[in-house]
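Q: Dropping in run24.pdb, which is PDB, C-alpha atoms:
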```pdb
ATOM      1  CA  MET M   1     -17.908   8.630  -7.082
ATOM      2  CA  SER M   2     -14.315   8.196  -5.983
ATOM      3  CA  ARG M   3     -13.813   5.658  -3.185
ATOM      4  CA  LEU M   4     -10.873   5.141  -0.852
ATOM      5  CA  ARG M   5      -9.657   1.535  -0.982
ATOM      6  CA  VAL M   6      -7.044  -0.637   0.677
ATOM      7  CA  ASN M   7      -6.070  -3.584  -1.514
ATOM      8  CA  ALA M   8      -3.804  -6.584  -1.054
ATOM      9  CA  PHE M   9      -2.683  -5.540   2.403
ATOM     10  CA  GLY M  10      -0.835  -8.438   3.984
ATOM     11  CA  ILE M  11      -1.136  -9.212   7.677
ATOM     12  CA  SER M  12       0.121 -12.078   9.820
ATOM     13  CA  ILE M  13      -2.174 -14.473  11.657
ATOM     14  CA  ASP M  14      -1.273 -12.601  14.857
ATOM     15  CA  GLY M  15      -2.455  -9.356  13.289
ATOM     16  CA  HIS M  16       0.729  -7.524  12.328
ATOM     17  CA  GLY M  17       0.869  -5.579   9.063
ATOM     18  CA  ALA M  18       4.630  -4.938   9.218
ATOM     19  CA  GLY M  19       7.577  -6.322  11.086
ATOM     20  CA  PRO M  20       9.672  -4.414  13.633
ATOM     21  CA  ASP M  21      12.866  -2.411  13.052
ATOM     22  CA  GLN M  22      12.333  -1.054   9.566
ATOM     23  CA  ASP M  23      15.582   0.011   7.905
ATOM     24  CA  LEU M  24      17.287  -0.026   4.507
ATOM     25  CA  ALA M  25      17.816  -3.771   4.685
ATOM     26  CA  ASN M  26      14.264  -4.422   5.898
ATOM     27  CA  PRO M  27      11.876  -1.932   4.251
ATOM     28  CA  MET M  28       8.864  -3.803   5.652
ATOM     29  CA  GLY M  29      10.448  -4.515   8.999
ATOM     30  CA  VAL M  30      12.194  -7.701  10.074
ATOM     31  CA  GLY M  31      10.197 -10.623   8.685
ATOM     32  CA  GLY M  32       7.733  -8.326   6.952
ATOM     33  CA  MET M  33       8.315  -9.739   3.465
ATOM     34  CA  ALA M  34       6.748 -13.017   4.598
ATOM     35  CA  LEU M  35       3.382 -11.239   4.557
ATOM     36  CA  HIS M  36       3.570 -10.735   0.816
ATOM     37  CA  GLN M  37       4.745 -14.107  -0.443
ATOM     38  CA  TRP M  38       1.199 -14.855  -1.579
ATOM     39  CA  VAL M  39       1.351 -12.172  -4.275
ATOM     40  CA  LEU M  40       4.931 -12.507  -5.516
ATOM     41  CA  GLY M  41       4.258 -15.565  -7.650
ATOM     42  CA  THR M  42       1.017 -14.320  -9.208
ATOM     43  CA  LYS M  43       0.648 -13.462 -12.869
ATOM     44  CA  THR M  44      -0.229  -9.873 -11.964
ATOM     45  CA  PHE M  45       2.902  -9.315  -9.898
ATOM     46  CA  GLN M  46       5.184 -11.054 -12.374
ATOM     47  CA  LYS M  47       3.869  -8.862 -15.176
ATOM     48  CA  MET M  48       4.451  -5.745 -13.087
ATOM     49  CA  ALA M  49       7.992  -6.858 -12.283
ATOM     50  CA  ALA M  50       8.645  -7.591 -15.938
ATOM     51  CA  ASP M  51       7.296  -4.213 -16.999
ATOM     52  CA  PHE M  52       9.487  -2.495 -14.422
ATOM     53  CA  ALA M  53      12.569  -4.420 -15.489
ATOM     54  CA  GLY M  54      11.747  -4.043 -19.167
ATOM     55  CA  SER M  55      11.802  -7.791 -19.797
ATOM     56  CA  LEU M  56      10.420 -11.079 -18.509
ATOM     57  CA  ILE M  57      12.117 -12.463 -15.413
ATOM     58  CA  GLY M  58      13.368 -15.794 -16.713
ATOM     59  CA  ASP M  59      10.546 -18.056 -17.802
ATOM     60  CA  VAL M  60       8.257 -17.139 -14.911
ATOM     61  CA  VAL M  61       4.797 -16.043 -16.054
ATOM     62  CA  GLY M  62       3.051 -16.386 -12.711
ATOM     63  CA  ARG M  63       0.151 -18.391 -11.387
ATOM     64  CA  GLU M  64      -3.507 -17.612 -11.922
ATOM     65  CA  GLY M  65      -6.424 -18.226  -9.606
ATOM     66  CA  VAL M  66      -7.819 -16.590  -6.472
ATOM     67  CA  ASP M  67      -4.591 -14.921  -5.338
ATOM     68  CA  ASP M  68      -4.026 -13.450  -8.783
ATOM     69  CA  ASP M  69      -7.639 -12.304  -9.015
ATOM     70  CA  PHE M  70      -7.307 -10.323  -5.788
ATOM     71  CA  ALA M  71      -3.958  -8.898  -6.854
ATOM     72  CA  ALA M  72      -5.385  -7.740 -10.193
ATOM     73  CA  ARG M  73      -8.477  -6.197  -8.589
ATOM     74  CA  GLY M  74      -6.243  -3.892  -6.620
ATOM     75  CA  PHE M  75      -5.326  -1.983  -9.789
ATOM     76  CA  GLU M  76      -8.786  -1.701 -11.322
ATOM     77  CA  ASN M  77     -10.223   1.824 -11.577
ATOM     78  CA  ILE M  78      -7.364   3.391  -9.576
ATOM     79  CA  GLY M  79      -6.662   7.031 -10.358
ATOM     80  CA  ALA M  80      -4.297   7.942  -7.514
ATOM     81  CA  TRP M  81      -2.533   6.530  -4.480
ATOM     82  CA  ILE M  82      -1.942   7.715  -0.949
ATOM     83  CA  MET M  83       1.011   6.392   0.976
ATOM     84  CA  GLY M  84       2.465   7.293   4.331
ATOM     85  CA  ARG M  85       5.884   8.730   4.726
ATOM     86  CA  ASN M  86       7.524   5.445   5.706
ATOM     87  CA  MET M  87       6.297   3.905   2.453
ATOM     88  CA  PHE M  88       8.459   6.450   0.655
ATOM     89  CA  GLY M  89      11.593   5.992   2.713
ATOM     90  CA  PRO M  90      13.220   5.038   6.022
ATOM     91  CA  VAL M  91      14.148   8.583   7.075
ATOM     92  CA  ARG M  92      12.832   9.695  10.467
ATOM     93  CA  GLY M  93      12.596  13.297  11.603
ATOM     94  CA  LEU M  94      13.564  16.031   9.162
ATOM     95  CA  TRP M  95      15.144  15.024   5.871
ATOM     96  CA  SER M  96      18.640  16.456   5.846
ATOM     97  CA  ASP M  97      18.947  16.422   2.046
ATOM     98  CA  ASP M  98      17.233  15.288  -1.164
ATOM     99  CA  SER M  99      19.424  12.268  -1.881
ATOM    100  CA  TRP M 100      16.740   9.654  -1.112
ATOM    101  CA  LYS M 101      14.815   8.716  -4.279
ATOM    102  CA  GLY M 102      12.386   6.170  -2.880
ATOM    103  CA  TRP M 103      12.597   2.433  -2.288
ATOM    104  CA  TRP M 104      12.020   1.884  -6.011
ATOM    105  CA  GLY M 105      14.895   4.061  -7.218
ATOM    106  CA  GLU M 106      15.296   6.742  -9.858
ATOM    107  CA  PRO M 107      13.389   5.045 -12.731
ATOM    108  CA  ALA M 108      10.136   4.933 -10.782
ATOM    109  CA  LEU M 109      10.016   8.056  -8.658
ATOM    110  CA  PRO M 110      11.377  11.590  -8.860
ATOM    111  CA  ARG M 111      13.432  13.111  -6.076
ATOM    112  CA  PRO M 112      11.452  14.610  -3.205
ATOM    113  CA  ARG M 113      11.416  18.390  -3.319
ATOM    114  CA  LEU M 114       9.665  18.951  -0.001
ATOM    115  CA  ARG M 115      10.601  17.779   3.442
ATOM    116  CA  ALA M 116       7.366  16.334   4.743
ATOM    117  CA  TYR M 117       6.047  14.253   7.585
ATOM    118  CA  ALA M 118       3.423  12.439   5.444
ATOM    119  CA  PRO M 119       1.143  11.290   4.140
ATOM    120  CA  CYS M 120       1.895  11.950   0.500
ATOM    121  CA  SER M 121      -0.475  11.490  -2.401
ATOM    122  CA  CYS M 122       0.782   9.991  -5.614
ATOM    123  CA  ALA M 123      -0.954  10.249  -8.972
ATOM    124  CA  PRO M 124      -0.203   8.604 -12.333
ATOM    125  CA  HIS M 125       1.825  10.744 -14.694
ATOM    126  CA  ASP M 126       2.741  10.574 -18.372
ATOM    127  CA  GLY M 127       5.492   8.161 -19.336
ATOM    128  CA  GLY M 128       4.691   5.697 -16.566
ATOM    129  CA  ARG M 129       6.287   7.900 -13.911
ATOM    130  CA  ASN M 130       4.627   9.333 -10.832
ATOM    131  CA  ASP M 131       4.043  12.816  -9.542
ATOM    132  CA  LEU M 132       4.485  12.937  -5.783
ATOM    133  CA  HIS M 133       2.698  15.550  -3.727
ATOM    134  CA  PHE M 134       4.009  15.758  -0.174
ATOM    135  CA  VAL M 135       1.229  16.771   2.190
ATOM    136  CA  THR M 136       1.885  17.960   5.729
ATOM    137  CA  ASP M 137      -1.538  19.167   6.840
ATOM    138  CA  GLY M 138      -3.243  15.876   7.656
ATOM    139  CA  ILE M 139      -4.999  12.862   6.207
ATOM    140  CA  HIS M 140      -8.081  14.766   5.047
ATOM    141  CA  ALA M 141      -5.972  17.155   2.990
ATOM    142  CA  ALA M 142      -4.076  14.255   1.438
ATOM    143  CA  LEU M 143      -7.328  12.499   0.552
ATOM    144  CA  GLU M 144      -8.811  15.617  -0.992
ATOM    145  CA  ARG M 145      -5.713  16.120  -3.127
ATOM    146  CA  ALA M 146      -5.648  12.467  -4.173
ATOM    147  CA  LYS M 147      -9.327  12.528  -5.187
ATOM    148  CA  GLU M 148      -8.692  15.587  -7.316
ATOM    149  CA  ALA M 149      -5.838  13.779  -9.037
ATOM    150  CA  ALA M 150      -7.930  10.609  -9.484
ATOM    151  CA  GLN M 151     -10.526  12.507 -11.557
ATOM    152  CA  GLY M 152     -13.463  10.352 -10.527
ATOM    153  CA  LYS M 153     -11.585   7.063 -10.225
ATOM    154  CA  ASP M 154     -10.834   5.402  -6.887
ATOM    155  CA  VAL M 155      -7.937   6.253  -4.607
ATOM    156  CA  ARG M 156      -5.806   3.386  -3.313
ATOM    157  CA  LEU M 157      -4.383   3.726   0.175
ATOM    158  CA  GLY M 158      -1.108   1.851   0.003
ATOM    159  CA  GLY M 159      -0.018   2.051   3.628
ATOM    160  CA  GLY M 160       1.844   1.715   5.795
ATOM    161  CA  VAL M 161       0.094   0.411   8.861
ATOM    162  CA  ALA M 162       0.050   3.690  10.813
ATOM    163  CA  THR M 163      -1.405   5.614   7.883
ATOM    164  CA  ILE M 164      -4.125   3.036   7.255
ATOM    165  CA  ARG M 165      -5.014   3.052  10.948
ATOM    166  CA  GLN M 166      -5.492   6.822  10.844
ATOM    167  CA  TYR M 167      -7.845   6.652   7.855
ATOM    168  CA  LEU M 168      -9.673   3.638   9.271
ATOM    169  CA  THR M 169     -10.207   5.239  12.672
ATOM    170  CA  ALA M 170     -11.631   8.285  10.900
ATOM    171  CA  GLY M 171     -14.036   6.021   8.976
ATOM    172  CA  LEU M 172     -12.764   7.279   5.622
ATOM    173  CA  ILE M 173     -11.965   3.931   3.995
ATOM    174  CA  ASN M 174     -14.731   2.441   1.848
ATOM    175  CA  GLU M 175     -13.216  -0.999   1.237
ATOM    176  CA  ILE M 176     -10.383  -2.996   2.772
ATOM    177  CA  HIS M 177      -8.893  -6.178   1.341
ATOM    178  CA  LEU M 178      -6.742  -8.035   3.857
ATOM    179  CA  ALA M 179      -4.550 -10.948   2.788
ATOM    180  CA  ILE M 180      -3.869 -12.979   5.931
ATOM    181  CA  SER M 181      -0.642 -14.920   5.490
ATOM    182  CA  PRO M 182       0.009 -18.126   7.496
ATOM    183  CA  VAL M 183       2.971 -16.659   9.384
ATOM    184  CA  LEU M 184       3.611 -15.357  12.890
ATOM    185  CA  LEU M 185       5.639 -12.173  13.339
ATOM    186  CA  GLY M 186       5.367 -11.967  17.114
ATOM    187  CA  ARG M 187       5.880  -8.213  17.118
ATOM    188  CA  GLY M 188       5.728  -5.275  14.765
ATOM    189  CA  GLU M 189       2.922  -2.911  13.758
ATOM    190  CA  HIS M 190      -0.527  -4.263  14.583
ATOM    191  CA  ARG M 191      -3.129  -3.646  11.945
ATOM    192  CA  LEU M 192      -6.497  -3.559  13.757
ATOM    193  CA  ALA M 193      -5.750  -3.552  17.489
ATOM    194  CA  GLY M 194      -7.862  -1.059  19.402
ATOM    195  CA  ILE M 195     -10.047  -0.132  16.423
ATOM    196  CA  ASP M 196     -13.778  -0.943  16.717
ATOM    197  CA  THR M 197     -14.423  -1.714  13.063
ATOM    198  CA  ALA M 198     -17.976  -2.940  13.712
ATOM    199  CA  THR M 199     -19.029   0.310  15.366
ATOM    200  CA  LEU M 200     -17.387   2.216  12.521
ATOM    201  CA  GLY M 201     -19.774   0.413  10.163
ATOM    202  CA  TYR M 202     -17.518  -2.163   8.508
ATOM    203  CA  LYS M 203     -18.772  -5.610   7.573
ATOM    204  CA  SER M 204     -17.097  -8.676   6.122
ATOM    205  CA  THR M 205     -18.531  -8.983   2.617
ATOM    206  CA  GLU M 206     -16.198 -11.505   0.983
ATOM    207  CA  HIS M 207     -13.661 -14.155   1.934
ATOM    208  CA  ALA M 208     -11.695 -16.832   0.146
ATOM    209  CA  SER M 209      -8.758 -19.050   1.049
ATOM    210  CA  THR M 210      -5.828 -20.478  -0.881
ATOM    211  CA  ASP M 211      -2.657 -22.318   0.076
ATOM    212  CA  HIS M 212      -0.921 -18.935   0.312
ATOM    213  CA  ALA M 213      -3.383 -16.618   2.082
ATOM    214  CA  THR M 214      -6.881 -16.073   3.383
ATOM    215  CA  HIS M 215      -8.500 -13.087   1.680
ATOM    216  CA  VAL M 216     -11.064 -11.021   3.567
ATOM    217  CA  VAL M 217     -12.865  -7.939   2.233
ATOM    218  CA  LEU M 218     -14.405  -5.409   4.614
ATOM    219  CA  THR M 219     -16.742  -2.754   3.247
ATOM    220  CA  LYS M 220     -18.545   0.254   4.675
TER     221      LYS M 220
END
```
So, in terms of structure tokens, how does the structure I just supplied come out?
A:
Amino acid sequence: MSRLRVNAFGISIDGHGAGPDQDLANPMGVGGMALHQWVLGTKTFQKMAADFAGSLIGDVVGREGVDDDFAARGFENIGAWIMGRNMFGPVRGLWSDDSWKGWWGEPALPRPRLRAYAPCSCAPHDGGRNDLHFVTDGIHAALERAKEAAQGKDVRLGGGVATIRQYLTAGLINEIHLAISPVLLGRGEHRLAGIDTATLGYKSTEHASTDHATHVVLTK
């Protein structure tokens, strides 16, 4: 049965999952990249970066261990992704044109053909590219479409914070992996504030710490 999962979602020790003032120069908000330093040096991430670039990045092969194990688990049995609108781009309000191609550029994502308010579901496509389906009629519709695309595999909810909060509040997420980075953001988008996860049925089922992050898994 297809599950909805959140994997490798970085948060600060003061609970923020993204920094403030997202723009082209700061896709994850000011200071937001500090939440993801734990994964950048892992073997899993370095291999992904090399595959994207078409070659190894210098002599870096990445470190193994707990951080890498959690990073790799995030891609196991994934058939489709859901991501909120701000994960696709920084545009607010109506898109005025189709010039934006995604944070990752032309090689990774096709041009958007629909002006949408999110979320959008994204499924693997032949040739390593992605098909994007822009959904405007709510989180349940996006999840249904993503599960159809996943064909029995799990759906990964990539973010951002607001989108995850919507699915979490609705009790639709089956598993959440949080990577708590040893940084303070002070302000930004808070990940869990105001959400009664215990009443929703979530329990902490796994935790592990490294020099780079504390990993916590919540399941329902």
Q: Excluding stretch 76-82 of chain M and its own-chain neighbours fewer than 6 positions away, which residues fall within 12 Å of it when counting only C-alpha atoms? Please give them as a short mmCIF file (atom, residue, chain, number, x, y, z; two decimals) with C-alpha atoms, in the coordinates of the input.
A:
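Dumped everything to out_25.cif:
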```cif
data_model
loop_
_atom_site.label_atom_id
_atom_site.label_comp_id
_atom_site.auth_asym_id
_atom_site.auth_seq_id
_atom_site.Cartn_x
_atom_site.Cartn_y
_atom_site.Cartn_z
CA MET M 1 -17.91 8.63 -7.08
CA SER M 2 -14.32 8.20 -5.98
CA ARG M 3 -13.81 5.66 -3.18
CA LEU M 4 -10.87 5.14 -0.85
CA ARG M 5 -9.66 1.54 -0.98
CA VAL M 6 -7.04 -0.64 0.68
CA ASN M 7 -6.07 -3.58 -1.51
CA THR M 44 -0.23 -9.87 -11.96
CA ASP M 69 -7.64 -12.30 -9.02
CA PHE M 70 -7.31 -10.32 -5.79
CA PHE M 88 8.46 6.45 0.66
CA ALA M 118 3.42 12.44 5.44
CA PRO M 119 1.14 11.29 4.14
CA CYS M 120 1.90 11.95 0.50
CA SER M 121 -0.48 11.49 -2.40
CA CYS M 122 0.78 9.99 -5.61
CA ALA M 123 -0.95 10.25 -8.97
CA PRO M 124 -0.20 8.60 -12.33
CA HIS M 125 1.82 10.74 -14.69
CA ASN M 130 4.63 9.33 -10.83
CA ASP M 131 4.04 12.82 -9.54
CA LEU M 132 4.49 12.94 -5.78
CA HIS M 133 2.70 15.55 -3.73
CA PHE M 134 4.01 15.76 -0.17
CA VAL M 135 1.23 16.77 2.19
CA GLY M 138 -3.24 15.88 7.66
CA ILE M 139 -5.00 12.86 6.21
CA HIS M 140 -8.08 14.77 5.05
CA ALA M 141 -5.97 17.16 2.99
CA ALA M 142 -4.08 14.26 1.44
CA LEU M 143 -7.33 12.50 0.55
CA GLU M 144 -8.81 15.62 -0.99
CA ARG M 145 -5.71 16.12 -3.13
CA ALA M 146 -5.65 12.47 -4.17
CA LYS M 147 -9.33 12.53 -5.19
CA GLU M 148 -8.69 15.59 -7.32
CA ALA M 149 -5.84 13.78 -9.04
CA ALA M 150 -7.93 10.61 -9.48
CA GLN M 151 -10.53 12.51 -11.56
CA GLY M 152 -13.46 10.35 -10.53
CA LYS M 153 -11.58 7.06 -10.22
CA ASP M 154 -10.83 5.40 -6.89
CA VAL M 155 -7.94 6.25 -4.61
CA ARG M 156 -5.81 3.39 -3.31
CA LEU M 157 -4.38 3.73 0.18
CA GLY M 158 -1.11 1.85 0.00
CA GLY M 159 -0.02 2.05 3.63
CA GLY M 160 1.84 1.72 5.80
CA THR M 163 -1.40 5.61 7.88
CA ILE M 164 -4.12 3.04 7.26
CA TYR M 167 -7.84 6.65 7.86
CA ILE M 173 -11.96 3.93 4.00
#
```
Q: Name the closest residue to M:Val61 among the candidates M:His36, M:Val217, M:Phe75, M:Lys43; distances are taken between atoms, counting all atoms listed in the file.
A: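 Among the listed residues, the smallest separation from M:Val61 belongs to M:Lys43.
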Q: What's the 7 Å shell around M:Ile13, counting all atoms listed in the file, without same-chain residues fewer than 3 positions away, as a list in words?
A: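 Once the adjacent positions are removed, what remains is Ile180, Ser181, Pro182, Val183 and Leu184 of chain M.
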Q: Which residue is closest to M:Asn86? Choose from M:Ala208, M:Ile11, M:Ile195, M:Met28 and count only C-alpha atoms.
A: M:Met28
Q: So how far away is atom CA of M:Tyr202 from atom CA of M:Leu168, in Å?
A: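 Interatomic distance, atom CA of M:Leu168 to atom CA of M:Tyr202: 9.8 Å.
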Q: Between atom CA of M:Arg165 and atom CA of M:Arg191, what is the distance, to one decimal in Å?
A: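 The value is 7.0 Å.
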Q: To one decimal in Å, tell me the separation between atom CA of M:Val161 and atom CA of M:Lys47.
A: 26.0 Å
Q: What lies within 8 Å of M:Asp67 using all atoms listed in the file, ignoring chain neighbours under 2 positions off, as a list in words?
A: Trp38, Val39, Thr42, Glu64, Gly65, Asp69, Phe70, Ala71, Thr210, His212 and Ala213 of chain M
Q: Which residues, named as in the file, does the PyMOL selection byres ((chain M and resi 24) around 9) pick out? Answer as a compact mmCIF listing (two decimals) with C-alpha atoms, in the coordinates of the input.
A:
```
# COMPACT_ATOMS: atom_id res chain seq x y z
CA GLN M 22 12.33 -1.05 9.57
CA ASP M 23 15.58 0.01 7.90
CA ALA M 25 17.82 -3.77 4.68
CA ASN M 26 14.26 -4.42 5.90
CA PRO M 27 11.88 -1.93 4.25
CA GLY M 89 11.59 5.99 2.71
CA PRO M 90 13.22 5.04 6.02
CA TRP M 103 12.60 2.43 -2.29
```
Q: Hey, which of M:Leu172, M:Leu200, M:Leu185, M:Leu40 ends up closest to M:Ala8? Count only C-alpha atoms.
A: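 Checking each candidate against M:Ala8, we get M:Leu40 as the closest.
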